Structures are given as structure tokens and as C-alpha cells.
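Everything on this sheet refers to the single structure shown next.
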Amino acid sequence: GGRLAPPALTNAERVAALLLEAKRFENEGDRKLARAALSEAEELDPQNPTVLEEEGELAAQQNNISLATEYWSRIVSLGPSAGAFYQRARNHLEEAARSEGTDSSETAFRHRAKTPLQLVGTERTSGNGGSPFGQELIFRFRIAADPRTKISLGQISYQFYAYDQIDAGIIVPTNARMTVGFESAFPRWGANHVEVLRVTYRLDHPVPHQRFYGYVFRLFYSGLLQDQRADPPELLLRLPSSKGK
């Protein structure tokens with residue numbers, strides 16, 4: 001009689017096999033094939049810290065610190081439950097943020113799993129509505145949508161955490177007034193169309209030496225994290241672990 005076919009591999013087994021393949025390719029000096037194997041593993045398990053760490057290390061070896069920081073940021077976003085991966089990713093993020101030449105506007109988190117919404121650009125300008133002694137800033141987050149998904153506005157939520165610097169370089173959550181809203185009264189996504197979410201930061205009565213330091217912005221759809229930006233990137237380490245609001 002015929003032999004039984006071997007049982008199909010589970011996702012975890014396929015990821016483990018791809019990690020071994022990636023390591024073999026890397027040892028042979030073929031980083032392109034190593035990256036391809038890791039990308040396939042990431043498709044199977046986007047939250048696997050081993051895969052994310054390997055991708056971050058490979059990007060760092062190729063001096064692509066921006067991409068490496070994205071992977072490390074994703075591990076940090078998993079929280080302390082990621083164990084040693086979490087601590088190593090924190091260390092990498094802090095080191096990258098200190099390194100000369102790090103472009104904090106580009107090294108923010110970018111969720112690479114397939115998601116309906118994606119941040120495709122950010123812009124920061126100074127407003128003119130603050131008091132002479134205060135500070136007003138306007139942030140514009142450009143959001144694109146997967147054209148295959150019908151976006152429900154009620155399912156979109158977001159978080160914007162702003163931080164200020166006060167005496168002796170101490171970083172604290174801001175007490176500035178914040179307003180958030182889409183620039184369009186009726187946001188609609190279509191082919192090649194983006195909508196802009198506008199955040200206004202207004203610090204009317206700062207204490208001495210208080211100035212804006214940085215922010216973290218997180219975008220959610222149906223309660224799931226879609227994309228994220230932090231400037232400077234180490235602010236991700238201060239982020240509360242909570243769902244979109």
C-alpha cells in the first residue's frame with residue numbers, strides 16, 4: 001500500500017524552519033535570501049519577537065538604523081511580556097536615539113502587518129494662536145486606507161501623547177490643551193486619497209523653561225493598532241499600554 005503523507009507543518013514549525021533558513025543564509029553571507037526568509041516568517045507570525053529581533057539585527061548590520069528601529073519599536077510595543085526581547089529592544093532604541101545621524105521623524109514605529117489604515121506622512125508647524133509666553137504647535141497626520149477595505153469612521157480611534165521638557169532636562173507629560181480632529185468634516189477614503197488628522201498643542205501658561213519635547217501618536221482601527229509615530233523614538237518606552245480612545 002501507499003505511504004501516508006507527512007502531516008502538514010504548523011505555523012510555529014514553519015516559522016522555526018524559516019528562522020533556521022535565515023540564519024544559514026546569513027552565515028553564508030547571503031543577506032538578501034536571509035531577509036526574504038525572515039519576511040516570510042513575519043507574514044506567518046507578525047508579533048513573533050524572535051522574528052522581529054532577527055529582522056532588526058539584519059537591518060542594523062546593513063546600517064539601516066531607521067528600519068531596525070521600526071522592528072525594535074514593535075517588540076517594545078509588545079510590552080514586558082516579551083521578556084528578554086523587550087529589554088534588548090529597549091536598549092537598542094535608546095542607543096539608536098543617541099546615535100548621531102538618527103532621523104527621529106523616520107525611525108518611528110511603522111506597523112508592517114496588513115492593516116486597513118496606514119500613516120503616510122507627518123507634518124509639524126508652529127501656530128500663531130498661542131500667547132506670547134506660551135507655545136502652539138500643529139501636527140498633521142496623513143492617513144491612507146487599503147482600497148479593498150470600506151472604512152467605518154466609527155471604528156477609527158487614536159492616541160496622542162505629548163511630553164514637555166522642564167528644568168534640568170526632566171521630561172514630563174504635558175499639561176497643554178490638546179484638540180484633535182479630521183480636517184475634512186466628512187472623511188472618506190478612496191483610491192489614492194488620504195485624510196488628514198490634525199492635532200493642536202497649546203501651552204498657554206508654561207512654568208519657567210517648560211517647552212514641548214516630543215510626542216507619540218498611535219492609530220487604531222477596530223481596536224487594533226494600525227500604525228505609530230514617535231519623535232524622538234525613545235518616547236515609545238514611556239507609552240502607557242492601553243487601547244485606542
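Ordering of the C-alpha cells sets the chain letters (A, B, ...), residue numbers begin anew at 1 in every chain, and ligands are numbered from 1 in the order given.
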Self-check item: Who sits within 10 Å of A:Thr174, only C-alpha atoms, same chain under 2 positions skipped, as a ChimeraX atom specification
Solution: /A:161-165,171-172,176-178,201-203,206,210-215
Practice problem: Do a neighbour search on A:Glu234 at 9 Å with only C-alpha atoms, toss out local chain neighbours closer than 6 positions, and write the hits as JSON, numbers by chain. | Solution: {"A": [73, 90, 93, 94, 96, 97]}
Exercise. Using only C-alpha atoms, determine which residues lie at most 12 Å from stretch 12-20 of chain A, disregarding the query and same-chain residues fewer than 3 positions distant; provide the list as a ChimeraX atom specification.
Key: /A:7-9,23-27,33-55
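Picture a line from atom CA of A:Ala60 to atom CA of A:Arg31; it runs 11.8 Å.
With distances restricted to only C-alpha atoms, A:Arg229 is the closest residue to A:Phe139 from A:Ala89, A:Pro208, A:Arg229, A:Gln118.
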Practice problem: Can you pull out every residue within 12 Å of A:Lys150, counting only C-alpha atoms, but drop anything in the same chain fewer than 5 positions away, and send it as a PyMOL selection string? | Solution: chain A and resi 116-117+145+155+188-191+221
Dump of N, CA and C atoms for the selected residues, as a PDB file, in the first residue's frame:
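Done, and the output landed in again_38.pdb:
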ATOM      1  N   PRO A 116      -5.793  47.934   7.600  1.00  0.00           N
ATOM      2  CA  PRO A 116      -6.602  48.808   6.733  1.00  0.00           C
ATOM      3  C   PRO A 116      -6.088  50.240   6.650  1.00  0.00           C
ATOM      4  N   LEU A 117      -5.486  50.755   7.735  1.00  0.00           N
ATOM      5  CA  LEU A 117      -5.049  52.148   7.766  1.00  0.00           C
ATOM      6  C   LEU A 117      -3.537  52.231   7.923  1.00  0.00           C
ATOM      7  N   ALA A 145      -5.796  54.549   3.371  1.00  0.00           N
ATOM      8  CA  ALA A 145      -6.556  53.334   3.655  1.00  0.00           C
ATOM      9  C   ALA A 145      -6.360  52.322   2.540  1.00  0.00           C
ATOM     10  N   GLN A 155     -15.008  53.222  13.658  1.00  0.00           N
ATOM     11  CA  GLN A 155     -14.041  52.218  14.106  1.00  0.00           C
ATOM     12  C   GLN A 155     -12.631  52.792  14.258  1.00  0.00           C
ATOM     13  N   ARG A 188     -13.534  60.583   3.961  1.00  0.00           N
ATOM     14  CA  ARG A 188     -13.836  59.435   3.103  1.00  0.00           C
ATOM     15  C   ARG A 188     -12.551  59.026   2.408  1.00  0.00           C
ATOM     16  N   TRP A 189     -12.325  57.731   2.377  1.00  0.00           N
ATOM     17  CA  TRP A 189     -11.124  57.232   1.723  1.00  0.00           C
ATOM     18  C   TRP A 189     -11.505  56.579   0.405  1.00  0.00           C
ATOM     19  N   GLY A 190     -10.746  56.893  -0.618  1.00  0.00           N
ATOM     20  CA  GLY A 190     -10.930  56.265  -1.919  1.00  0.00           C
ATOM     21  C   GLY A 190      -9.572  55.982  -2.518  1.00  0.00           C
ATOM     22  N   ALA A 191      -9.554  55.670  -3.803  1.00  0.00           N
ATOM     23  CA  ALA A 191      -8.295  55.364  -4.473  1.00  0.00           C
ATOM     24  C   ALA A 191      -7.356  56.569  -4.416  1.00  0.00           C
ATOM     25  N   TYR A 221      -7.703  50.814  14.462  1.00  0.00           N
ATOM     26  CA  TYR A 221      -8.939  50.538  13.729  1.00  0.00           C
ATOM     27  C   TYR A 221      -9.546  49.269  14.314  1.00  0.00           C
TER      28      TYR A 221
END
Practice problem: Per DSSP on the backbone, filter stretch 83-234 of chain A down to the residues in strand (DSSP E) and report them as number ranges by chain. | Solution: A: 117-126, 135-145, 156-165, 171-173, 177-182, 194-203, 211-221, 224-231
Practice problem: Measuring atom to atom with only C-alpha atoms, identify which of A:Gly127, A:Leu58, A:Ile166, A:Ser157 is nearest to A:Leu225. | Solution: A:Ser157
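Interatomic distance, atom CA of A:Ile65 against atom CA of A:Glu95: 10.5 Å.
The residue that comes closest to A:His209, out of A:Thr69, A:Ser152, A:Thr10, A:Gln135 and on the basis of only C-alpha atoms, is A:Gln135.
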Exercise. From the DSSP assignment of the backbone, select every residue of stretch 17-168 of chain A that is alpha helix (DSSP H), and format the answer as a PyMOL selection string.
Key: chain A and resi 17-27+31-44+49-61+65-77+84-98
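Closest approach to A:Gly223 among A:Ala22, A:Ile156, A:Ile143, A:Ala68 is made by A:Ile156 (distances from only C-alpha atoms).
Note that the spacing between atom CA of A:Asn175 and atom CA of A:Thr122 amounts to 22.6 Å.
Distance check against A:Val180 using only C-alpha atoms: of A:Ala168, A:Leu78, A:Ile138, A:Val207, the minimum falls on A:Ile138.
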